[in-house]
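A.B. asks: Before I ask anything, here is the structure I am working with.
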Amino acid sequence: MSLTDPSNREILKTVLEPLLEDFLYWFSRSRDLLESETIEFLSSEEHAALLAQLQNAQKEVHTAQILCKATNGQAGIETKTMMHWHNLVTQCWKISSKWRSQQNKQYRGIQFE
């Protein structure tokens with residue numbers, strides 16, 4: 001695919017811009033969770049490493065957005081990089097889901113009088 005072809009640039013822009021926004025959204029939500037809650041099933045090392053990965057990924061996505069805008073949609077992103085971000089989002093979804101499940105179990109165990 002030639003990025004100089006206007007139709008290919010438009011497709012790339014139409015797909016890539018919202019995808020980058022989605023990555024930033026999920027990275028932000030995951031960071032909020034990690035920064036505000038204790039995730040008991042993660043060791044402190046795992047917690048810190050995941051938080052560092054999220055912070056780095058957010059910087060990478062911001063950089064990619066800037067590049068795409070600066071090149072008027074002619075810059076792409078390597079599939080390997082996108083897969084890394086996708087895998088990180090998936091990992092965070094799993095952690096969030098497990099955490100929510102544990103929270104729900106704790107609340108169900110509370111007896112109201």
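Going through the structure tokens in order, the chains are called A, B, and so on, while each chain numbers its residues from 1 and the ligands are numbered from 1 in the order shown.
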Check chain A with DSSP on the backbone and list each residue it calls alpha helix (DSSP H), as an MDAnalysis selection string.
C.D. replies: chainID A and resid 6:36 44:70 79:108
A.B. asks: So which residues touch A:Leu12 within 9 Å, counting only C-alpha atoms, skipping near sequence neighbours fewer than 3 positions away, as JSON, numbers by chain?
C.D. replies: {"A": [3, 7, 8, 9, 15, 16, 17, 73, 74, 75, 76]}
